[in-house]
Amino acid sequence: MTLPSAHDLALAVERRTAARLLLAHPLVTSDGPHADLFPLIRRHADWLGRRFQQVLGYRLLVDSSYARLFKAGLGTGSGHRLERSTGTPFSPHTYACLALALSVLVTAPEQLLLSQLVADIRAAAADAGIELEETGRAAGKRTLVAALRLLVEWGVLIETEGQVAALAQDAGGEALITVDRELARVVVAGPLAQARDGADLVRRAADPGFGGPRTYVRRMLVETPVVHLDELTDAERDWLRTRQRREAQAFSEILGLEMEIRAEGVALMDPEDELTDLHLPGTGTVAQAALLLVERLVEQLRPQEPGHPATGGTLVIGVTVPDGLVDEVLAGLIAEYGQRSNWQRGYLEDLPALREAVLDLLARMRLMARAGRLRAEGDGLPERYAEEAPEGRNVTDVRGARPGGDGWVLLAAAARYATHVTMRPASATGKGADVQEELPL
């Protein structure tokens with residue numbers, strides 16, 4: 001067996017570094033925050049383009065001044081949301097301002113005044129029949145500024161003289177803006193020309209195309225914190241369970257990610273903790289309260305006898321959270337930790353606001369979820385999508401693994417954050433059997 005040379009190892013490190021950067025930051029410019037690594041992307045552009053296309057079905061465009069990885073969606077409710085500098089999620093009006101600004105900027109002059117840009121955005125809204133918040137009022141100004149600031153961050157807009165934030169000033173400040181029309185054209189990744197409306201655009205963007213289940217599962221693995229088995233169709237579960245060891249090796253080589261395989265699902269872990277925009281444990285009131293809430297919910301709701309499907313047991317992916325329990329636990333946490341941990345006063349005095357923020361974080365982390373139809377039940381599938389496993393293939397039965405109805409469900413991955421975790425070793429079913437360890441709730 002020939003060992004890799006120092007050159008081969010260095011080449012692999014460079015490619016992995018460039019791939020990780022693009023996965024975390026799909027738009028990289030030669031003069032932006034990651035300018036020092038931009039030459040790596042250009043140097044390995046051909047290899048990166050082939051690998052992203054083969055593995056994830058993503059298209060990579062590398063120009064002399066920018067690199068754009070055109071990612072695909074995962075369907076309704078699974079997108080990476082945009083946020084203001086305060087951490088507040090973009091509202092529908094903010095997204096509308098962003099879309100309208102891009103529609104104007106692709107044909108805008110190289111330089112224009114901020115006031116002219118605002119006037120053009122208003123005109124575009126009127127042409128499209130879109131009602132925006134009154135941009136002359138304070139709230140409307142802040143909404144538009146949030147959208148324009150993001151375009152500045154992406155490099156689409158350059159604040160040549162003054163800042164776009166001047167729009168929010170009482171006197172209505174002015175600024176001179178330089179526009180990168182090429183970047184404006186490549187920001188949108190979805191198939192706009194084919195989509196009938198917004199919902200159709202989301203559906204088309206999530207279609208894995210010829211890659212089918214293979215491509216969709218890989219996207220789920222790299223774009224979400226954890227993939228529970230009942231979030232996959234029969235065909236997707238079959239593909240994952242028969243190839244997960246091989247996939248683990250591939251993701252390690254390409255992206256430096258480690259695969260953790262459990263009875264309930266699979267997660268890709270980043271030892272460098274760089275490829276996530278969500279952190280738990282984390283700092284701040286919401287993250288601290290979320291971690292404490294999960295610990296207590298797991299202690300109270302952990303099922304007594306979860307089983308492993310391969311040994312005839314019943315798979316448990318989620319358990320119902322009783323009505324009122326979240327509020328009860330959070331109220332206790334506020335009394336026990338709130339004051340001495342310097343939690344934000346606004347949350348200490350507003351339990352519903354704290355609950356909403358905490359559940360939002362836990363849902364994005366895929367530790368909790370609202371009950372409802374799942375992909376395993378055919379929800380949100382593209383047209384003519386192969387959802388059944390090949391004939392004669394047995395797949396893990398996920399029926400009843402997560403409760404239906406209304407309300408919230410505590411998911412299996414939450415057990416990772418329990419104070420005491422019970423590990424149950426897999427039972428051998430024969431030589432070479434691929435039976436996973438179970439990490440029950």
# chains A, B, ... in the order shown; residues from 1 in each chain; ligands from 1

call {"tool": "residues_around", "arguments": {"residues": "region 95-112 of chain A", "least_positions_apart": "4", "cutoff": "9 Å", "atoms": "only C-alpha atoms", "output": "JSON, numbers by chain"}}
result
{"A": [82, 90, 91, 116, 117, 118, 120, 121, 122, 124, 125, 130, 132, 143, 144, 146, 147, 148, 150, 151, 156, 157, 160, 175, 176, 177, 178, 179, 180, 181, 182, 183, 184, 185, 187, 188]}

call {"tool": "select_by_dssp", "arguments": {"residues": "region 101-314 of chain A", "states": "helix (DSSP H, G or I)", "output": "PyMOL selection string"}}
result
chain A and resi 101-105+114-128+138-154+164-168+181-186+198-206+209-223+229-231+234-255+285-301+309-311

call {"tool": "closest_residue", "arguments": {"among": "A:Val266, A:Ala128, A:Ala119, A:Val398", "to": "Thr233 (chain A)", "atoms": "only C-alpha atoms"}}
result
A:Val398

call {"tool": "residues_around", "arguments": {"residues": "Leu301 (chain A)", "least_positions_apart": "6", "cutoff": "12 Å", "atoms": "only C-alpha atoms", "output": "number ranges by chain"}}
result
A: 293-295, 316, 318-322, 325-326, 409-412, 414-415, 418, 440-441

call {"tool": "write_last_selection", "arguments": {"atoms": "all heavy atoms", "output": "tab-separated table (two decimals), in the first residue's frame"}}
result
chain	number	residue	atom	x	y	z
A	293	LEU	N	-33.85	23.86	29.55
A	293	LEU	CA	-35.17	23.30	29.26
A	293	LEU	C	-35.04	21.89	28.71
A	293	LEU	O	-35.76	20.97	29.14
A	293	LEU	CB	-35.91	24.19	28.27
A	293	LEU	CG	-37.25	23.65	27.75
A	293	LEU	CD1	-38.26	23.53	28.89
A	293	LEU	CD2	-37.80	24.52	26.62
A	294	VAL	N	-34.14	21.70	27.75
A	294	VAL	CA	-33.96	20.37	27.15
A	294	VAL	C	-33.55	19.36	28.21
A	294	VAL	O	-34.05	18.23	28.24
A	294	VAL	CB	-32.93	20.44	26.01
A	294	VAL	CG1	-32.43	19.05	25.65
A	294	VAL	CG2	-33.55	21.09	24.79
A	295	GLU	N	-32.62	19.72	29.07
A	295	GLU	CA	-32.18	18.81	30.12
A	295	GLU	C	-33.36	18.32	30.95
A	295	GLU	O	-33.51	17.12	31.21
A	295	GLU	CB	-31.16	19.49	31.03
A	295	GLU	CG	-29.80	19.72	30.39
A	295	GLU	CD	-28.85	20.40	31.35
A	295	GLU	OE1	-29.30	20.83	32.44
A	295	GLU	OE2	-27.65	20.51	31.02
A	316	VAL	N	-38.33	4.78	18.85
A	316	VAL	CA	-38.88	6.00	19.43
A	316	VAL	C	-38.03	7.17	18.95
A	316	VAL	O	-36.87	7.30	19.34
A	316	VAL	CB	-38.90	5.95	20.97
A	316	VAL	CG1	-39.45	7.26	21.53
A	316	VAL	CG2	-39.74	4.78	21.45
A	318	GLY	N	-39.57	10.45	18.83
A	318	GLY	CA	-40.07	11.63	19.53
A	318	GLY	C	-41.15	11.26	20.52
A	318	GLY	O	-41.81	10.23	20.39
A	319	VAL	N	-41.31	12.10	21.53
A	319	VAL	CA	-42.36	11.92	22.54
A	319	VAL	C	-43.11	13.24	22.69
A	319	VAL	O	-42.56	14.32	22.51
A	319	VAL	CB	-41.78	11.48	23.91
A	319	VAL	CG1	-41.16	10.11	23.82
A	319	VAL	CG2	-40.75	12.50	24.41
A	320	THR	N	-44.38	13.12	23.04
A	320	THR	CA	-45.23	14.30	23.19
A	320	THR	C	-44.82	15.12	24.41
A	320	THR	O	-44.52	14.57	25.48
A	320	THR	CB	-46.70	13.87	23.35
A	320	THR	OG1	-47.10	13.16	22.18
A	320	THR	CG2	-47.60	15.09	23.54
A	321	VAL	N	-44.78	16.44	24.24
A	321	VAL	CA	-44.55	17.34	25.36
A	321	VAL	C	-45.92	17.80	25.86
A	321	VAL	O	-46.66	18.46	25.12
A	321	VAL	CB	-43.71	18.56	24.94
A	321	VAL	CG1	-43.50	19.51	26.11
A	321	VAL	CG2	-42.37	18.11	24.36
A	322	PRO	N	-46.30	17.45	27.08
A	322	PRO	CA	-47.64	17.82	27.58
A	322	PRO	C	-47.87	19.33	27.55
A	322	PRO	O	-46.94	20.13	27.75
A	322	PRO	CB	-47.63	17.28	29.02
A	322	PRO	CG	-46.59	16.21	29.02
A	322	PRO	CD	-45.54	16.66	28.06
A	325	LEU	N	-46.25	22.16	30.00
A	325	LEU	CA	-45.00	21.75	30.65
A	325	LEU	C	-43.86	22.70	30.33
A	325	LEU	O	-43.05	23.01	31.21
A	325	LEU	CB	-44.63	20.33	30.21
A	325	LEU	CG	-43.35	19.76	30.84
A	325	LEU	CD1	-43.44	19.76	32.37
A	325	LEU	CD2	-43.07	18.35	30.32
A	326	VAL	N	-43.78	23.18	29.10
A	326	VAL	CA	-42.70	24.10	28.73
A	326	VAL	C	-42.78	25.37	29.57
A	326	VAL	O	-41.77	25.84	30.12
A	326	VAL	CB	-42.74	24.43	27.23
A	326	VAL	CG1	-41.76	25.56	26.90
A	326	VAL	CG2	-42.40	23.21	26.40
A	409	VAL	N	-43.21	18.17	20.07
A	409	VAL	CA	-42.61	16.84	20.24
A	409	VAL	C	-41.14	17.01	20.61
A	409	VAL	O	-40.43	17.82	20.00
A	409	VAL	CB	-42.72	16.03	18.94
A	409	VAL	CG1	-42.00	14.69	19.08
A	409	VAL	CG2	-44.18	15.81	18.57
A	410	LEU	N	-40.70	16.29	21.63
A	410	LEU	CA	-39.28	16.26	22.00
A	410	LEU	C	-38.62	15.15	21.20
A	410	LEU	O	-39.06	14.00	21.25
A	410	LEU	CB	-39.13	16.01	23.50
A	410	LEU	CG	-37.71	16.00	24.06
A	410	LEU	CD1	-37.09	17.40	23.97
A	410	LEU	CD2	-37.70	15.50	25.50
A	411	LEU	N	-37.57	15.47	20.45
A	411	LEU	CA	-36.95	14.53	19.53
A	411	LEU	C	-35.75	13.82	20.14
A	411	LEU	O	-35.15	14.28	21.11
A	411	LEU	CB	-36.53	15.25	18.24
A	411	LEU	CG	-37.68	15.89	17.46
A	411	LEU	CD1	-37.16	16.67	16.27
A	411	LEU	CD2	-38.67	14.82	17.00
A	412	ALA	N	-35.39	12.70	19.53
A	412	ALA	CA	-34.36	11.83	20.08
A	412	ALA	C	-33.02	12.53	20.28
A	412	ALA	O	-32.31	12.27	21.25
A	412	ALA	CB	-34.19	10.61	19.18
A	414	ALA	N	-32.36	15.28	21.33
A	414	ALA	CA	-32.31	16.07	22.57
A	414	ALA	C	-31.59	15.33	23.68
A	414	ALA	O	-31.06	15.95	24.61
A	414	ALA	CB	-33.73	16.43	23.01
A	415	ALA	N	-31.55	13.99	23.60
A	415	ALA	CA	-30.89	13.21	24.65
A	415	ALA	C	-29.40	13.50	24.74
A	415	ALA	O	-28.78	13.24	25.78
A	415	ALA	CB	-31.12	11.72	24.40
A	418	ALA	N	-28.81	15.78	27.69
A	418	ALA	CA	-29.29	15.39	29.02
A	418	ALA	C	-28.12	15.34	29.99
A	418	ALA	O	-26.97	15.10	29.62
A	418	ALA	CB	-29.96	14.03	28.95
A	440	PRO	N	-31.49	6.52	23.46
A	440	PRO	CA	-32.90	6.82	23.65
A	440	PRO	C	-33.12	8.12	24.36
A	440	PRO	O	-32.26	8.64	25.04
A	440	PRO	CB	-33.39	5.64	24.49
A	440	PRO	CG	-32.19	5.25	25.30
A	440	PRO	CD	-31.01	5.52	24.42
A	441	LEU	N	-34.33	8.64	24.22
A	441	LEU	CA	-34.71	9.82	24.97
A	441	LEU	C	-34.73	9.51	26.45
A	441	LEU	O	-35.07	8.42	26.86
A	441	LEU	CB	-36.10	10.28	24.52
A	441	LEU	CG	-36.15	11.09	23.24
A	441	LEU	CD1	-37.59	11.28	22.82
A	441	LEU	CD2	-35.50	12.43	23.42

call {"tool": "residues_around", "arguments": {"residues": "Ala386 (chain A)", "least_positions_apart": "5", "cutoff": "10 Å", "atoms": "only C-alpha atoms", "output": "MDAnalysis selection string"}}
result
chainID A and resid 212:213 233:236 381

call {"tool": "write_last_selection", "arguments": {"atoms": "N, CA and C atoms", "output": "PDB file, in the first residue's frame"}}
result
ATOM      1  N   GLY A 212     -32.070  12.276  -7.138  1.00  0.00           N
ATOM      2  CA  GLY A 212     -33.114  11.642  -6.359  1.00  0.00           C
ATOM      3  C   GLY A 212     -32.793  11.525  -4.880  1.00  0.00           C
ATOM      4  N   PRO A 213     -33.168  10.408  -4.250  1.00  0.00           N
ATOM      5  CA  PRO A 213     -32.950  10.222  -2.807  1.00  0.00           C
ATOM      6  C   PRO A 213     -31.505  10.429  -2.372  1.00  0.00           C
ATOM      7  N   THR A 233     -38.132   9.532   3.218  1.00  0.00           N
ATOM      8  CA  THR A 233     -39.019   8.540   2.601  1.00  0.00           C
ATOM      9  C   THR A 233     -38.399   7.148   2.709  1.00  0.00           C
ATOM     10  N   ASP A 234     -39.166   6.125   2.326  1.00  0.00           N
ATOM     11  CA  ASP A 234     -38.637   4.762   2.340  1.00  0.00           C
ATOM     12  C   ASP A 234     -37.387   4.654   1.473  1.00  0.00           C
ATOM     13  N   ALA A 235     -37.447   5.244   0.282  1.00  0.00           N
ATOM     14  CA  ALA A 235     -36.308   5.161  -0.635  1.00  0.00           C
ATOM     15  C   ALA A 235     -35.092   5.865  -0.048  1.00  0.00           C
ATOM     16  N   GLU A 236     -35.305   6.995   0.621  1.00  0.00           N
ATOM     17  CA  GLU A 236     -34.191   7.739   1.215  1.00  0.00           C
ATOM     18  C   GLU A 236     -33.604   6.988   2.406  1.00  0.00           C
ATOM     19  N   LEU A 381     -43.150  16.346  -0.966  1.00  0.00           N
ATOM     20  CA  LEU A 381     -42.312  15.692  -1.969  1.00  0.00           C
ATOM     21  C   LEU A 381     -42.467  16.363  -3.337  1.00  0.00           C
TER      22      LEU A 381
END

call {"tool": "atom_distance", "arguments": {"atom1": "CA of Ala371 (chain A)", "atom2": "CA of Ala331 (chain A)"}}
result
23.5 Å

call {"tool": "atom_distance", "arguments": {"atom1": "CA of Asp397 (chain A)", "atom2": "CA of Leu315 (chain A)"}}
result
7.8 Å
